[in-house]
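Student: Just one file: protein-v3.cif, with mmCIF, C-alpha atoms.
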```
data_model
loop_
_atom_site.label_atom_id
_atom_site.label_comp_id
_atom_site.auth_asym_id
_atom_site.auth_seq_id
_atom_site.Cartn_x
_atom_site.Cartn_y
_atom_site.Cartn_z
CA MET A 1 0.00 0.00 0.00
CA SER A 2 1.29 3.43 -0.84
CA SER A 3 1.07 6.08 1.82
CA GLY A 4 -1.98 8.26 1.54
CA SER A 5 -4.16 5.50 0.08
CA PRO A 6 -7.66 5.07 1.56
CA GLU A 7 -6.61 1.72 3.06
CA ASP A 8 -4.17 3.59 5.32
CA THR A 9 -6.87 5.67 6.97
CA THR A 10 -9.94 3.43 6.85
CA VAL A 11 -10.50 1.60 10.13
CA GLN A 12 -10.79 -2.14 9.35
CA ALA A 13 -13.18 -4.06 11.59
CA ALA A 14 -15.22 -7.24 11.53
CA GLY A 15 -18.13 -8.74 13.39
CA CYS A 16 -21.02 -11.16 13.31
CA VAL A 17 -24.77 -11.14 13.34
CA LEU A 18 -24.92 -13.83 16.02
CA TRP A 19 -28.04 -15.96 16.07
CA ARG A 20 -29.55 -18.96 17.84
CA ARG A 21 -32.82 -20.79 18.15
CA SER A 22 -34.66 -19.76 21.32
CA PRO A 23 -34.38 -22.43 24.02
CA VAL A 24 -38.03 -21.62 24.89
CA THR A 25 -39.89 -21.07 21.61
CA GLY A 26 -37.47 -22.40 18.97
CA GLY A 27 -37.79 -19.04 17.20
CA LEU A 28 -34.88 -17.07 15.82
CA GLU A 29 -33.03 -14.83 18.29
CA LEU A 30 -30.26 -12.33 17.53
CA CYS A 31 -27.56 -11.21 19.94
CA LEU A 32 -27.01 -7.50 20.57
CA VAL A 33 -24.26 -6.12 22.79
CA HIS A 34 -24.45 -3.01 24.96
CA ARG A 35 -21.31 -0.87 25.04
CA PRO A 36 -21.32 1.39 28.11
CA LYS A 37 -18.66 3.69 26.59
CA TYR A 38 -21.13 4.66 23.84
CA ASP A 39 -24.36 3.61 25.65
CA ASP A 40 -25.47 1.89 22.47
CA TRP A 41 -26.74 -1.48 21.25
CA SER A 42 -24.92 -3.02 18.31
CA TRP A 43 -23.64 -6.23 16.77
CA PRO A 44 -20.55 -7.81 18.31
CA LYS A 45 -17.64 -6.39 16.30
CA GLY A 46 -14.27 -4.77 16.65
CA LYS A 47 -11.09 -3.58 15.01
CA LEU A 48 -8.87 -6.14 13.33
CA LYS A 49 -5.42 -6.78 14.69
CA ARG A 50 -2.46 -6.31 12.33
CA ASP A 51 -2.51 -9.02 9.60
CA GLU A 52 -5.61 -10.66 11.14
CA GLU A 53 -7.99 -12.31 8.69
CA PRO A 54 -11.41 -10.59 8.86
CA LEU A 55 -13.37 -13.78 9.64
CA ALA A 56 -10.91 -14.76 12.39
CA GLY A 57 -11.22 -11.25 13.82
CA ALA A 58 -15.01 -11.40 13.68
CA LEU A 59 -15.08 -14.70 15.60
CA ARG A 60 -12.51 -13.40 18.11
CA GLU A 61 -14.63 -10.31 18.75
CA VAL A 62 -17.77 -12.44 19.21
CA ALA A 63 -15.94 -14.60 21.76
CA GLU A 64 -14.53 -11.56 23.60
CA GLU A 65 -17.76 -9.56 23.66
CA THR A 66 -20.40 -12.27 24.12
CA GLY A 67 -18.56 -15.28 25.52
CA CYS A 68 -19.98 -17.31 22.63
CA ARG A 69 -18.24 -19.82 20.42
CA ALA A 70 -19.80 -19.32 17.01
CA GLU A 71 -20.06 -21.31 13.80
CA PRO A 72 -19.63 -18.88 10.89
CA GLY A 73 -21.98 -18.92 7.94
CA ALA A 74 -22.43 -16.69 4.92
CA GLU A 75 -20.74 -13.33 4.65
CA LEU A 76 -23.23 -10.47 4.99
CA PRO A 77 -23.02 -6.99 3.42
CA THR A 78 -20.04 -4.89 4.46
CA GLN A 79 -20.88 -1.67 6.30
CA HIS A 80 -19.12 1.61 5.49
CA TYR A 81 -19.58 4.65 7.72
CA LEU A 82 -17.75 7.40 9.56
CA ALA A 83 -16.67 6.73 13.15
CA ASN A 84 -15.09 9.64 15.01
CA GLY A 85 -14.54 11.38 11.68
CA ARG A 86 -12.65 8.45 10.12
CA PRO A 87 -14.01 6.08 7.49
CA LYS A 88 -14.72 2.65 8.91
CA GLN A 89 -15.32 -0.61 7.07
CA VAL A 90 -16.90 -3.50 8.96
CA ARG A 91 -17.20 -6.92 7.36
CA TYR A 92 -19.94 -9.11 8.84
CA TRP A 93 -20.80 -12.79 8.82
CA ALA A 94 -23.85 -14.70 9.89
CA ALA A 95 -22.78 -16.88 12.83
CA GLU A 96 -24.70 -19.42 14.88
CA ALA A 97 -24.01 -19.36 18.62
CA MET A 98 -22.88 -22.84 19.65
CA SER A 99 -22.17 -22.27 23.35
CA CYS A 100 -22.17 -19.07 25.39
CA ALA A 101 -20.90 -17.99 28.78
CA PHE A 102 -21.26 -14.19 28.95
CA SER A 103 -19.27 -12.22 31.52
CA PRO A 104 -19.68 -8.43 31.66
CA THR A 105 -16.59 -6.34 30.89
CA ASP A 106 -15.78 -2.64 30.64
CA GLU A 107 -16.27 -2.93 26.87
CA VAL A 108 -19.58 -4.85 26.89
CA ASP A 109 -21.71 -4.90 30.01
CA ARG A 110 -24.88 -6.58 28.69
CA VAL A 111 -26.06 -8.86 25.90
CA LEU A 112 -29.64 -9.34 24.78
CA TRP A 113 -31.12 -12.16 22.71
CA LEU A 114 -34.04 -10.66 20.79
CA THR A 115 -36.41 -11.58 17.99
CA PRO A 116 -35.46 -9.96 14.67
CA PHE A 117 -38.33 -7.47 15.12
CA ALA A 118 -37.21 -6.48 18.62
CA ALA A 119 -33.55 -6.34 17.57
CA ARG A 120 -34.39 -3.95 14.72
CA ALA A 121 -36.09 -1.64 17.23
CA ARG A 122 -33.26 -1.88 19.79
CA LEU A 123 -30.26 -1.32 17.49
CA THR A 124 -28.91 2.19 18.05
CA GLN A 125 -27.43 2.82 14.58
CA PRO A 126 -29.79 2.72 11.57
CA HIS A 127 -26.96 1.32 9.38
CA ASP A 128 -26.96 -1.86 11.51
CA ARG A 129 -30.60 -2.69 10.73
CA PRO A 130 -30.28 -3.94 7.11
CA LEU A 131 -28.05 -6.75 8.39
CA ILE A 132 -31.15 -8.32 9.95
CA ASP A 133 -32.77 -8.62 6.52
CA ALA A 134 -29.51 -9.96 5.07
CA LEU A 135 -29.35 -12.63 7.79
CA LEU A 136 -32.99 -13.61 7.29
CA ALA A 137 -32.38 -13.97 3.53
CA VAL A 138 -29.44 -16.29 4.25
CA LEU A 139 -31.30 -18.39 6.84
CA ASN A 140 -34.59 -18.51 4.91
CA PRO A 141 -33.80 -18.40 1.20
CA PRO A 142 -36.75 -17.59 -1.05
CA GLN A 143 -38.75 -20.61 -2.13
CA PRO A 144 -39.24 -21.33 -5.85
CA ALA A 145 -42.54 -19.97 -7.17
CA GLY A 146 -45.42 -22.40 -7.23
CA ARG A 147 -44.39 -24.29 -4.10
CA PRO A 148 -46.33 -23.64 -0.90
CA ASP A 149 -44.15 -22.56 2.02
#
```
Translate this file's structure into structure tokens.

Tutor:
Amino acid sequence: MSSGSPEDTTVQAAGCVLWRRSPVTGGLELCLVHRPKYDDWSWPKGKLKRDEEPLAGALREVAEETGCRAEPGAELPTQHYLANGRPKQVRYWAAEAMSCAFSPTDEVDRVLWLTPFAARARLTQPHDRPLIDALLAVLNPPQPAGRPD
């Protein structure tokens, strides 16, 4: 990379739209994390370490922020936005929570498992909401026409 290229200044991050089947209803639940520093609700994500592969970073962040071991699925749309005046790129994957043992930290003090509808309402940043539709499209691909659902 040459100095002054956009890659030098864009913050590279990765995360997951973490999901599970409700232990009570069997319905789809999504995991949101609460960050006390920002007092916001978002997807588990974070900055990549030097030379870290984005998917490895996404799974590391999920483990650190939620205490969950996750099985990655399809890559979801990449988010681009400004954070503290700097461009940020966050790559996301669908990931199924396999086992979780959450412990609050200074970075993330709460997690919530919500229905997609409730998660959409709870997410702080509007740019995080389309990832719900992307996840639902991956988990429930459209059925061919003419076949009852």

Student: Taking (-20.6, 4.0, 28.2) in the coordinates of the supplied file, I want to know which residues reach to within 10 Å of it, counting all atoms listed in the file; could you give the answer as a compact mmCIF listing (two decimals) with C-alpha atoms, in the coordinates of the input?

Tutor:
```txt
# COMPACT_ATOMS: atom_id res chain seq x y z
CA HIS A 34 -24.45 -3.01 24.96
CA ARG A 35 -21.31 -0.87 25.04
CA PRO A 36 -21.32 1.39 28.11
CA LYS A 37 -18.66 3.69 26.59
CA TYR A 38 -21.13 4.66 23.84
CA ASP A 39 -24.36 3.61 25.65
CA ASP A 40 -25.47 1.89 22.47
CA ASP A 106 -15.78 -2.64 30.64
CA GLU A 107 -16.27 -2.93 26.87
CA VAL A 108 -19.58 -4.85 26.89
CA ASP A 109 -21.71 -4.90 30.01
```

Student: Once the PyMOL selection byres ((chain A and resi 64) around 12) is applied to the coordinates I shared, what remains selected? I want it as an MDAnalysis selection string.

Tutor: chainID A and resid 15 33 44:46 57:63 65:70 100:109

Student: Please indicate the distance in Å from CA of Gln125 in chain A to CA of Ala56 in chain A, rounded to one decimal place.

Tutor: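 Separating CA of Gln125 in chain A from CA of Ala56 in chain A is a distance of 24.2 Å.
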
Student: Hey, which of A:Glu29, A:Asp128, A:Glu96, A:Glu53 ends up closest to Trp41 in chain A? Count all atoms listed in the file.

Tutor: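 Of all the options, A:Asp128 lies closest to Trp41 in chain A.
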
Student: Just give me the gap between CA of Leu114 in chain A and CA of Ala97 in chain A in Å, one decimal is fine.

Tutor: 13.5 Å

Student: Could you check which residues have any atom within 10 Å of (-17.1, -5.7, 6.9), counting all atoms listed in the file with coordinates taken straight from the file, and then list them as a PDB file with C-alpha atoms, keeping the file's coordinate frame?

Tutor:
```pdb
ATOM      1  CA  GLN A  12     -10.790  -2.140   9.350  1.00  0.00           C
ATOM      2  CA  ALA A  13     -13.180  -4.060  11.590  1.00  0.00           C
ATOM      3  CA  ALA A  14     -15.220  -7.240  11.530  1.00  0.00           C
ATOM      4  CA  GLY A  15     -18.130  -8.740  13.390  1.00  0.00           C
ATOM      5  CA  CYS A  16     -21.020 -11.160  13.310  1.00  0.00           C
ATOM      6  CA  LYS A  45     -17.640  -6.390  16.300  1.00  0.00           C
ATOM      7  CA  PRO A  54     -11.410 -10.590   8.860  1.00  0.00           C
ATOM      8  CA  LEU A  55     -13.370 -13.780   9.640  1.00  0.00           C
ATOM      9  CA  ALA A  58     -15.010 -11.400  13.680  1.00  0.00           C
ATOM     10  CA  GLU A  75     -20.740 -13.330   4.650  1.00  0.00           C
ATOM     11  CA  LEU A  76     -23.230 -10.470   4.990  1.00  0.00           C
ATOM     12  CA  PRO A  77     -23.020  -6.990   3.420  1.00  0.00           C
ATOM     13  CA  THR A  78     -20.040  -4.890   4.460  1.00  0.00           C
ATOM     14  CA  GLN A  79     -20.880  -1.670   6.300  1.00  0.00           C
ATOM     15  CA  HIS A  80     -19.120   1.610   5.490  1.00  0.00           C
ATOM     16  CA  LYS A  88     -14.720   2.650   8.910  1.00  0.00           C
ATOM     17  CA  GLN A  89     -15.320  -0.610   7.070  1.00  0.00           C
ATOM     18  CA  VAL A  90     -16.900  -3.500   8.960  1.00  0.00           C
ATOM     19  CA  ARG A  91     -17.200  -6.920   7.360  1.00  0.00           C
ATOM     20  CA  TYR A  92     -19.940  -9.110   8.840  1.00  0.00           C
ATOM     21  CA  TRP A  93     -20.800 -12.790   8.820  1.00  0.00           C
TER      22      TRP A  93
END
```

Student: Could you tell me how far CA of Ala118 in chain A lies from CA of Pro130 in chain A, in Å and to one decimal?

Tutor: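 Distance between the two atoms: 13.7 Å.
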
Student: List the spatial neighbours of Ala94 in chain A as a list in words - criterion: any atom at most 6 Å away, only C-alpha atoms, same-chain residues fewer than 2 positions off excluded.

Tutor: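 Listed by chain and then number, they are Cys16, Val17, Gly73 and Ala74 of chain A.
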
Student: Of the candidates A:Arg120, A:Val24, A:Ser42, A:Leu30, which shows the shortest atom-to-atom distance to Ala95 in chain A, using all atoms listed in the file?

Tutor: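 Comparing A:Arg120, A:Val24, A:Ser42, A:Leu30 against Ala95 in chain A, the winner is A:Leu30.
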
Student: Of the candidates A:Thr115, A:Thr10, A:Ser99, A:Gln143, which shows the shortest atom-to-atom distance to Cys31 in chain A, using all atoms listed in the file?

Tutor: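 Of A:Thr115, A:Thr10, A:Ser99, A:Gln143, the one nearest Cys31 in chain A is A:Thr115, counting all atoms listed in the file.
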
Student: When distances are computed from all atoms listed in the file, which of A:Pro116, A:Glu71, A:Arg129, A:Pro87 shows the smallest separation from Gly27 in chain A?

Tutor: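 So, comparing all the options, the nearest one is A:Pro116.
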
Student: Taking only C-alpha atoms into account, which of A:Val11, A:Leu18, A:Leu123, A:Leu32 comes nearest Arg110 in chain A?

Tutor: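 Checking each of A:Val11, A:Leu18, A:Leu123, A:Leu32 against Arg110 in chain A, counting only C-alpha atoms, the winner is A:Leu32.
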
Student: Looking at A:Met98, A:Leu112, A:Leu131, A:Leu139, which one is nearest to Arg20 in chain A, with distances taken over all atoms listed in the file?

Tutor: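 When distances to Arg20 in chain A are compared using all atoms listed in the file, the smallest one comes from A:Met98.
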